[in-house]
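Asker: I am sharing final12.cif, which consists of mmCIF, C-alpha atoms; chains and numbers go by the auth columns:
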```
data_start
#
loop_
_atom_site.group_PDB
_atom_site.id
_atom_site.type_symbol
_atom_site.label_atom_id
_atom_site.label_comp_id
_atom_site.label_asym_id
_atom_site.label_seq_id
_atom_site.Cartn_x
_atom_site.Cartn_y
_atom_site.Cartn_z
_atom_site.B_iso_or_equiv
_atom_site.auth_seq_id
_atom_site.auth_asym_id
ATOM 1 C CA MET A 1 -1.930 44.521 31.521 0.00 1 A
ATOM 2 C CA GLN A 2 -2.493 48.093 32.492 0.00 2 A
ATOM 3 C CA LEU A 3 -2.388 50.188 29.337 0.00 3 A
ATOM 4 C CA ARG A 4 -2.194 53.651 30.786 0.00 4 A
ATOM 5 C CA GLY A 5 0.999 55.410 31.755 0.00 5 A
ATOM 6 C CA ASP A 6 3.619 52.672 31.377 0.00 6 A
ATOM 7 C CA GLY A 7 4.105 52.665 27.612 0.00 7 A
ATOM 8 C CA SER A 8 7.724 53.776 27.534 0.00 8 A
ATOM 9 C CA LYS A 9 8.659 51.323 30.307 0.00 9 A
ATOM 10 C CA PHE A 10 7.914 48.380 28.024 0.00 10 A
ATOM 11 C CA THR A 11 10.115 49.853 25.299 0.00 11 A
ATOM 12 C CA ARG A 12 12.966 50.498 27.745 0.00 12 A
ATOM 13 C CA ALA A 13 12.610 46.909 28.954 0.00 13 A
ATOM 14 C CA GLY A 14 13.248 45.760 25.379 0.00 14 A
ATOM 15 C CA GLY A 15 9.702 44.747 24.531 0.00 15 A
ATOM 16 C CA ARG A 16 7.132 45.716 21.955 0.00 16 A
ATOM 17 C CA VAL A 17 3.506 45.958 22.989 0.00 17 A
ATOM 18 C CA VAL A 18 1.008 44.813 20.372 0.00 18 A
ATOM 19 C CA LEU A 19 -2.654 45.448 21.096 0.00 19 A
ATOM 20 C CA ILE A 20 -5.060 43.126 19.321 0.00 20 A
ATOM 21 C CA GLY A 21 -8.637 44.325 19.463 0.00 21 A
ATOM 22 C CA LEU A 22 -11.840 43.406 17.717 0.00 22 A
ATOM 23 C CA GLY A 23 -13.518 45.657 15.195 0.00 23 A
ATOM 24 C CA ALA A 24 -12.250 47.854 12.410 0.00 24 A
ATOM 25 C CA PRO A 25 -8.622 49.000 11.941 0.00 25 A
ATOM 26 C CA ALA A 26 -9.719 52.651 11.935 0.00 26 A
ATOM 27 C CA ARG A 27 -11.174 52.151 15.410 0.00 27 A
ATOM 28 C CA ALA A 28 -7.847 50.733 16.622 0.00 28 A
ATOM 29 C CA GLU A 29 -5.976 53.710 15.225 0.00 29 A
ATOM 30 C CA TRP A 30 -8.430 56.157 16.797 0.00 30 A
ATOM 31 C CA PHE A 31 -8.184 54.430 20.181 0.00 31 A
ATOM 32 C CA CYS A 32 -4.405 54.477 20.275 0.00 32 A
ATOM 33 C CA GLU A 33 -4.250 58.122 19.209 0.00 33 A
ATOM 34 C CA GLU A 34 -6.951 59.215 21.638 0.00 34 A
ATOM 35 C CA ARG A 35 -5.429 57.313 24.593 0.00 35 A
ATOM 36 C CA LYS A 36 -1.899 58.402 23.608 0.00 36 A
ATOM 37 C CA LEU A 37 -0.763 54.773 23.549 0.00 37 A
ATOM 38 C CA LYS A 38 2.079 55.124 21.074 0.00 38 A
ATOM 39 C CA PRO A 39 4.576 53.401 20.823 0.00 39 A
ATOM 40 C CA PHE A 40 2.157 50.503 21.200 0.00 40 A
ATOM 41 C CA VAL A 41 1.238 48.773 17.946 0.00 41 A
ATOM 42 C CA CYS A 42 -2.535 48.733 17.533 0.00 42 A
ATOM 43 C CA THR A 43 -4.002 45.970 15.400 0.00 43 A
ATOM 44 C CA SER A 44 -7.408 44.455 14.703 0.00 44 A
ATOM 45 C CA ASP A 45 -8.728 40.919 14.766 0.00 45 A
ATOM 46 C CA PRO A 46 -12.166 41.460 13.191 0.00 46 A
ATOM 47 C CA GLY A 47 -13.237 37.799 13.165 0.00 47 A
ATOM 48 C CA ASN A 48 -11.914 36.842 16.638 0.00 48 A
ATOM 49 C CA ALA A 49 -9.715 34.191 14.986 0.00 49 A
ATOM 50 C CA ALA A 50 -6.465 35.316 16.646 0.00 50 A
ATOM 51 C CA HIS A 51 -8.243 35.528 19.999 0.00 51 A
ATOM 52 C CA ARG A 52 -9.481 31.966 19.568 0.00 52 A
ATOM 53 C CA ALA A 53 -6.013 30.738 18.549 0.00 53 A
ATOM 54 C CA TYR A 54 -4.755 31.914 21.948 0.00 54 A
ATOM 55 C CA GLY A 55 -7.551 30.173 23.790 0.00 55 A
ATOM 56 C CA LEU A 56 -9.565 33.297 24.529 0.00 56 A
ATOM 57 C CA LYS A 57 -13.270 32.581 24.477 0.00 57 A
ATOM 58 C CA ARG A 58 -16.449 34.541 24.932 0.00 58 A
ATOM 59 C CA GLY A 59 -17.149 34.987 28.620 0.00 59 A
ATOM 60 C CA SER A 60 -20.184 34.311 30.774 0.00 60 A
ATOM 61 C CA LEU A 61 -22.455 37.093 32.019 0.00 61 A
ATOM 62 C CA ARG A 62 -20.721 36.876 35.416 0.00 62 A
ATOM 63 C CA GLN A 63 -17.285 37.272 33.813 0.00 63 A
ATOM 64 C CA VAL A 64 -18.417 40.278 31.784 0.00 64 A
ATOM 65 C CA MET A 65 -21.034 42.001 33.947 0.00 65 A
ATOM 66 C CA GLY A 66 -20.893 40.334 37.369 0.00 66 A
ATOM 67 C CA PRO A 67 -20.630 42.176 40.721 0.00 67 A
ATOM 68 C CA ARG A 68 -16.824 41.976 40.789 0.00 68 A
ATOM 69 C CA VAL A 69 -16.693 43.560 37.347 0.00 69 A
ATOM 70 C CA TYR A 70 -19.172 46.292 38.184 0.00 70 A
ATOM 71 C CA PHE A 71 -17.572 47.296 41.493 0.00 71 A
ATOM 72 C CA GLY A 72 -14.081 47.112 40.000 0.00 72 A
ATOM 73 C CA TRP A 73 -15.118 49.427 37.226 0.00 73 A
ATOM 74 C CA ALA A 74 -16.935 51.805 39.605 0.00 74 A
ATOM 75 C CA LYS A 75 -13.858 51.974 41.861 0.00 75 A
ATOM 76 C CA ALA A 76 -11.623 52.729 38.900 0.00 76 A
ATOM 77 C CA ARG A 77 -14.007 55.481 37.797 0.00 77 A
ATOM 78 C CA VAL A 78 -13.774 57.105 41.233 0.00 78 A
ATOM 79 C CA LEU A 79 -10.003 56.789 41.549 0.00 79 A
ATOM 80 C CA SER A 80 -9.074 57.845 38.027 0.00 80 A
ATOM 81 C CA ASP A 81 -10.431 59.511 34.945 0.00 81 A
ATOM 82 C CA ILE A 82 -11.071 56.365 32.924 0.00 82 A
ATOM 83 C CA PRO A 83 -13.591 57.053 30.191 0.00 83 A
ATOM 84 C CA THR A 84 -16.912 55.290 29.898 0.00 84 A
ATOM 85 C CA PRO A 85 -16.499 52.188 27.737 0.00 85 A
ATOM 86 C CA SER A 86 -18.121 52.198 24.349 0.00 86 A
ATOM 87 C CA TRP A 87 -18.551 49.586 21.659 0.00 87 A
ATOM 88 C CA LYS A 88 -18.741 49.738 17.902 0.00 88 A
ATOM 89 C CA PRO A 89 -20.024 47.199 15.371 0.00 89 A
ATOM 90 C CA GLY A 90 -17.666 44.235 15.095 0.00 90 A
ATOM 91 C CA GLU A 91 -16.527 44.521 18.695 0.00 91 A
ATOM 92 C CA ASP A 92 -17.734 41.927 21.166 0.00 92 A
ATOM 93 C CA ILE A 93 -18.592 42.869 24.743 0.00 93 A
ATOM 94 C CA MET A 94 -18.491 39.158 25.690 0.00 94 A
ATOM 95 C CA GLN A 95 -14.972 38.505 24.418 0.00 95 A
ATOM 96 C CA MET A 96 -12.526 37.639 27.196 0.00 96 A
ATOM 97 C CA PRO A 97 -9.163 39.444 27.167 0.00 97 A
ATOM 98 C CA GLY A 98 -5.717 37.983 27.728 0.00 98 A
ATOM 99 C CA THR A 99 -2.037 38.921 27.792 0.00 99 A
ATOM 100 C CA PHE A 100 0.924 36.920 26.476 0.00 100 A
ATOM 101 C CA VAL A 101 4.665 37.528 26.306 0.00 101 A
ATOM 102 C CA ILE A 102 6.329 35.898 23.311 0.00 102 A
ATOM 103 C CA ASP A 103 10.108 35.787 22.899 0.00 103 A
ATOM 104 C CA THR A 104 12.057 36.304 19.673 0.00 104 A
ATOM 105 C CA LYS A 105 11.991 32.557 18.958 0.00 105 A
ATOM 106 C CA GLY A 106 8.185 32.598 19.040 0.00 106 A
ATOM 107 C CA ILE A 107 7.888 30.810 22.372 0.00 107 A
ATOM 108 C CA VAL A 108 5.214 31.819 24.903 0.00 108 A
ATOM 109 C CA ARG A 109 6.968 33.012 28.055 0.00 109 A
ATOM 110 C CA TYR A 110 3.938 34.359 29.927 0.00 110 A
ATOM 111 C CA ALA A 111 0.252 33.587 29.531 0.00 111 A
ATOM 112 C CA HIS A 112 -2.630 35.248 31.327 0.00 112 A
ATOM 113 C CA ARG A 113 -6.264 34.655 30.416 0.00 113 A
ATOM 114 C CA ASN A 114 -8.548 36.955 32.345 0.00 114 A
ATOM 115 C CA ARG A 115 -10.873 35.241 34.830 0.00 115 A
ATOM 116 C CA ASP A 116 -13.202 38.186 34.282 0.00 116 A
ATOM 117 C CA VAL A 117 -12.875 41.309 32.171 0.00 117 A
ATOM 118 C CA THR A 118 -11.327 43.327 35.023 0.00 118 A
ATOM 119 C CA ASP A 119 -8.717 40.662 35.847 0.00 119 A
ATOM 120 C CA ASN A 120 -5.902 42.422 34.024 0.00 120 A
ATOM 121 C CA PRO A 121 -2.401 41.378 35.127 0.00 121 A
ATOM 122 C CA PRO A 122 -0.135 43.964 36.768 0.00 122 A
ATOM 123 C CA ASN A 123 2.644 45.365 34.625 0.00 123 A
ATOM 124 C CA GLY A 124 5.445 44.654 37.122 0.00 124 A
ATOM 125 C CA PRO A 125 5.970 40.919 36.450 0.00 125 A
ATOM 126 C CA ILE A 126 5.691 41.485 32.698 0.00 126 A
ATOM 127 C CA LEU A 127 8.334 44.214 32.807 0.00 127 A
ATOM 128 C CA GLU A 128 10.605 42.004 34.932 0.00 128 A
ATOM 129 C CA LEU A 129 10.264 39.195 32.400 0.00 129 A
ATOM 130 C CA LEU A 130 11.103 41.547 29.528 0.00 130 A
ATOM 131 C CA HIS A 131 14.238 42.695 31.364 0.00 131 A
ATOM 132 C CA ARG A 132 15.264 39.048 31.849 0.00 132 A
ATOM 133 C CA LEU A 133 14.651 38.270 28.167 0.00 133 A
ATOM 134 C CA LYS A 134 16.595 41.378 27.165 0.00 134 A
ATOM 135 C CA GLY A 135 19.619 40.009 28.990 0.00 135 A
ATOM 136 C CA LYS A 136 19.452 36.811 26.926 0.00 136 A
ATOM 137 C CA THR A 137 19.239 38.358 23.455 0.00 137 A
ATOM 138 C CA MET B 1 -8.166 24.125 19.613 0.00 1 B
ATOM 139 C CA PRO B 2 -5.292 23.761 22.153 0.00 2 B
ATOM 140 C CA LYS B 3 -4.554 26.731 24.368 0.00 3 B
ATOM 141 C CA PRO B 4 -0.931 27.859 24.154 0.00 4 B
ATOM 142 C CA GLU B 5 0.764 27.848 27.544 0.00 5 B
ATOM 143 C CA VAL B 6 4.209 28.914 28.758 0.00 6 B
ATOM 144 C CA GLY B 7 6.867 27.017 26.819 0.00 7 B
ATOM 145 C CA ASP B 8 4.623 26.369 23.798 0.00 8 B
ATOM 146 C CA ARG B 9 5.130 27.827 20.353 0.00 9 B
ATOM 147 C CA ALA B 10 2.942 30.917 19.965 0.00 10 B
ATOM 148 C CA PRO B 11 0.267 30.696 17.274 0.00 11 B
ATOM 149 C CA ASP B 12 1.250 32.860 14.334 0.00 12 B
ATOM 150 C CA HIS B 13 -1.896 34.523 13.145 0.00 13 B
ATOM 151 C CA ALA B 14 -2.781 37.301 10.730 0.00 14 B
ATOM 152 C CA VAL B 15 -4.196 40.524 12.134 0.00 15 B
ATOM 153 C CA LEU B 16 -4.905 43.873 10.454 0.00 16 B
ATOM 154 C CA ASP B 17 -2.660 46.896 10.898 0.00 17 B
ATOM 155 C CA ALA B 18 -3.968 50.452 11.135 0.00 18 B
ATOM 156 C CA GLY B 19 -4.146 50.629 7.340 0.00 19 B
ATOM 157 C CA GLY B 20 -6.207 47.451 7.102 0.00 20 B
ATOM 158 C CA ARG B 21 -3.318 45.365 5.732 0.00 21 B
ATOM 159 C CA GLU B 22 -2.786 41.814 6.942 0.00 22 B
ATOM 160 C CA VAL B 23 0.297 41.379 9.086 0.00 23 B
ATOM 161 C CA MET B 24 1.507 38.235 10.811 0.00 24 B
ATOM 162 C CA LEU B 25 2.006 38.356 14.566 0.00 25 B
ATOM 163 C CA SER B 26 5.449 36.751 14.088 0.00 26 B
ATOM 164 C CA SER B 27 6.615 39.898 12.310 0.00 27 B
ATOM 165 C CA PHE B 28 6.334 41.697 15.638 0.00 28 B
ATOM 166 C CA TRP B 29 8.302 39.201 17.744 0.00 29 B
ATOM 167 C CA ARG B 30 11.125 38.601 15.253 0.00 30 B
ATOM 168 C CA GLU B 31 13.292 41.437 16.554 0.00 31 B
ATOM 169 C CA ARG B 32 12.216 41.863 20.175 0.00 32 B
ATOM 170 C CA PRO B 33 9.935 40.132 22.641 0.00 33 B
ATOM 171 C CA VAL B 34 6.281 41.017 22.273 0.00 34 B
ATOM 172 C CA VAL B 35 3.622 41.696 24.859 0.00 35 B
ATOM 173 C CA ALA B 36 0.472 40.661 23.007 0.00 36 B
ATOM 174 C CA ALA B 37 -2.535 42.189 24.726 0.00 37 B
ATOM 175 C CA PHE B 38 -5.803 40.788 23.414 0.00 38 B
ATOM 176 C CA LEU B 39 -8.669 43.213 24.027 0.00 39 B
ATOM 177 C CA ARG B 40 -12.396 42.779 23.586 0.00 40 B
ATOM 178 C CA HIS B 41 -12.946 46.249 22.207 0.00 41 B
ATOM 179 C CA TYR B 42 -11.264 49.556 21.476 0.00 42 B
ATOM 180 C CA GLY B 43 -13.142 52.110 23.473 0.00 43 B
#
```
Translate the structure of the given file into structure tokens.

Answerer:
Amino acid sequence: MQLRGDGSKFTRAGGRVVLIGLGAPARAEWFCEERKLKPFVCTSDPGNAAHRAYGLKRGSLRQVMGPRVYFGWAKARVLSDIPTPSWKPGEDIMQMPGTFVIDTKGIVRYAHRNRDVTDNPPNGPILELLHRLKGKT
Amino acid sequence: MPKPEVGDRAPDHAVLDAGGREVMLSSFWRERPVVAAFLRHYG
């Protein structure tokens, strides 16, 4: 999903966004403050165990640093003011990201595992799904 | 380990909140649907 700019839309759609990153909790708190991501909930998964439980593995060099990744990142740098990525101890540059929507009964309603690290799903379908789920609760 | 897909029960796993306390993912989806975004790093 795209993290920037749409935070309140997820809340209005009835959802709660939970970010699950690697590394230390203090780093998660800093990131969410610095990127102004509230009301997202920022959590840490220091040992990768939650990532693994959702089928998210470490990627290949192509998935993490391949041409598609590099040019996607360069394009985003030109078109917006995204900051240069940085890593801290405990974080894993090779970890593949993913996005899931889980309903109030604990059932997966949407699952996206990135094909490469830039393959983030658009927010539109996720917001539409949240609106549909909102109508059922 | 099986990969959860649409229609499957979501794995309930412990993560750490901003204060370093363990919290179960299910505590977030109990009241409203959750968008769980798994990141590789914060930065």

Asker: Could you list the residues chosen by the PyMOL selection byres ((chain A and resi 129) around 12) in this structure as a PyMOL selection string?

Answerer: (chain A and resi 10+13-15+100-103+108-111+123-128+130-136) or (chain B and resi 33-35)

Asker: Counting all atoms listed in the file, figure out which residue out of A:Gly7, A:Gly23, A:Pro122, A:Gly98 gets nearest to Ala53 (chain A).

Answerer: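 Going through A:Gly7, A:Gly23, A:Pro122, A:Gly98 one by one, the smallest distance to Ala53 (chain A) is for A:Gly98.
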
Asker: Any chance you could work out the residue set of the PyMOL selection byres ((chain A) within 7 of (chain B)) here, as a PDB file with C-alpha atoms, in the frame of the given file?

Answerer:
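The result, stored in out14.pdb:
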```
ATOM      1  CA  GLY A  14      13.248  45.760  25.379  1.00  0.00           C
ATOM      2  CA  GLY A  15       9.702  44.747  24.531  1.00  0.00           C
ATOM      3  CA  ARG A  16       7.132  45.716  21.955  1.00  0.00           C
ATOM      4  CA  VAL A  17       3.506  45.958  22.989  1.00  0.00           C
ATOM      5  CA  VAL A  18       1.008  44.813  20.372  1.00  0.00           C
ATOM      6  CA  LEU A  19      -2.654  45.448  21.096  1.00  0.00           C
ATOM      7  CA  ILE A  20      -5.060  43.126  19.321  1.00  0.00           C
ATOM      8  CA  GLY A  21      -8.637  44.325  19.463  1.00  0.00           C
ATOM      9  CA  LEU A  22     -11.840  43.406  17.717  1.00  0.00           C
ATOM     10  CA  PRO A  25      -8.622  49.000  11.941  1.00  0.00           C
ATOM     11  CA  ALA A  26      -9.719  52.651  11.935  1.00  0.00           C
ATOM     12  CA  ARG A  27     -11.174  52.151  15.410  1.00  0.00           C
ATOM     13  CA  ALA A  28      -7.847  50.733  16.622  1.00  0.00           C
ATOM     14  CA  GLU A  29      -5.976  53.710  15.225  1.00  0.00           C
ATOM     15  CA  PHE A  31      -8.184  54.430  20.181  1.00  0.00           C
ATOM     16  CA  CYS A  42      -2.535  48.733  17.533  1.00  0.00           C
ATOM     17  CA  THR A  43      -4.002  45.970  15.400  1.00  0.00           C
ATOM     18  CA  SER A  44      -7.408  44.455  14.703  1.00  0.00           C
ATOM     19  CA  ASP A  45      -8.728  40.919  14.766  1.00  0.00           C
ATOM     20  CA  ALA A  50      -6.465  35.316  16.646  1.00  0.00           C
ATOM     21  CA  HIS A  51      -8.243  35.528  19.999  1.00  0.00           C
ATOM     22  CA  ALA A  53      -6.013  30.738  18.549  1.00  0.00           C
ATOM     23  CA  TYR A  54      -4.755  31.914  21.948  1.00  0.00           C
ATOM     24  CA  GLY A  55      -7.551  30.173  23.790  1.00  0.00           C
ATOM     25  CA  PRO A  85     -16.499  52.188  27.737  1.00  0.00           C
ATOM     26  CA  SER A  86     -18.121  52.198  24.349  1.00  0.00           C
ATOM     27  CA  TRP A  87     -18.551  49.586  21.659  1.00  0.00           C
ATOM     28  CA  GLU A  91     -16.527  44.521  18.695  1.00  0.00           C
ATOM     29  CA  ASP A  92     -17.734  41.927  21.166  1.00  0.00           C
ATOM     30  CA  ILE A  93     -18.592  42.869  24.743  1.00  0.00           C
ATOM     31  CA  GLN A  95     -14.972  38.505  24.418  1.00  0.00           C
ATOM     32  CA  MET A  96     -12.526  37.639  27.196  1.00  0.00           C
ATOM     33  CA  PRO A  97      -9.163  39.444  27.167  1.00  0.00           C
ATOM     34  CA  GLY A  98      -5.717  37.983  27.728  1.00  0.00           C
ATOM     35  CA  THR A  99      -2.037  38.921  27.792  1.00  0.00           C
ATOM     36  CA  PHE A 100       0.924  36.920  26.476  1.00  0.00           C
ATOM     37  CA  VAL A 101       4.665  37.528  26.306  1.00  0.00           C
ATOM     38  CA  ILE A 102       6.329  35.898  23.311  1.00  0.00           C
ATOM     39  CA  ASP A 103      10.108  35.787  22.899  1.00  0.00           C
ATOM     40  CA  THR A 104      12.057  36.304  19.673  1.00  0.00           C
ATOM     41  CA  GLY A 106       8.185  32.598  19.040  1.00  0.00           C
ATOM     42  CA  ILE A 107       7.888  30.810  22.372  1.00  0.00           C
ATOM     43  CA  VAL A 108       5.214  31.819  24.903  1.00  0.00           C
ATOM     44  CA  ARG A 109       6.968  33.012  28.055  1.00  0.00           C
ATOM     45  CA  TYR A 110       3.938  34.359  29.927  1.00  0.00           C
ATOM     46  CA  ALA A 111       0.252  33.587  29.531  1.00  0.00           C
TER      47      ALA A 111
END
```

Asker: Please measure the separation of CA of Arg62 (chain A) and CA of Thr118 (chain A), giving the value in Å to one decimal.

Answerer: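 CA of Thr118 (chain A) lies at a distance of 11.4 Å from CA of Arg62 (chain A).
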
Asker: For a test of reading the model, state the distance in Å between CA of Arg115 (chain A) and CA of Pro46 (chain A), rounded to one decimal.

Answerer: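 Distance reported for this atom pair: 22.6 Å.
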
Asker: Enter the distance from CA of Lys57 (chain A) to CA of Phe71 (chain A), in Å, rounded to one decimal.

Answerer: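 Answer for the CA of Lys57 (chain A) to CA of Phe71 (chain A) separation: 22.9 Å.
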
Asker: Would you write out, as a PyMOL selection string, every residue that the PyMOL selection byres ((chain A and resi 63) around 10) captures in this file?

Answerer: chain A and resi 58-62+64-69+94-96+114-119

Asker: Write out as AutoDock Vina command-line options an axis-aligned box for region 14-19 of chain B: all of its atoms listed in the file, 6 Å added on each side, centre and edge lengths in Å with one decimal.

Answerer:
```
--center_x -3.8 --center_y 44.0 --center_z 9.7 --size_x 14.2 --size_y 25.3 --size_z 16.8
```
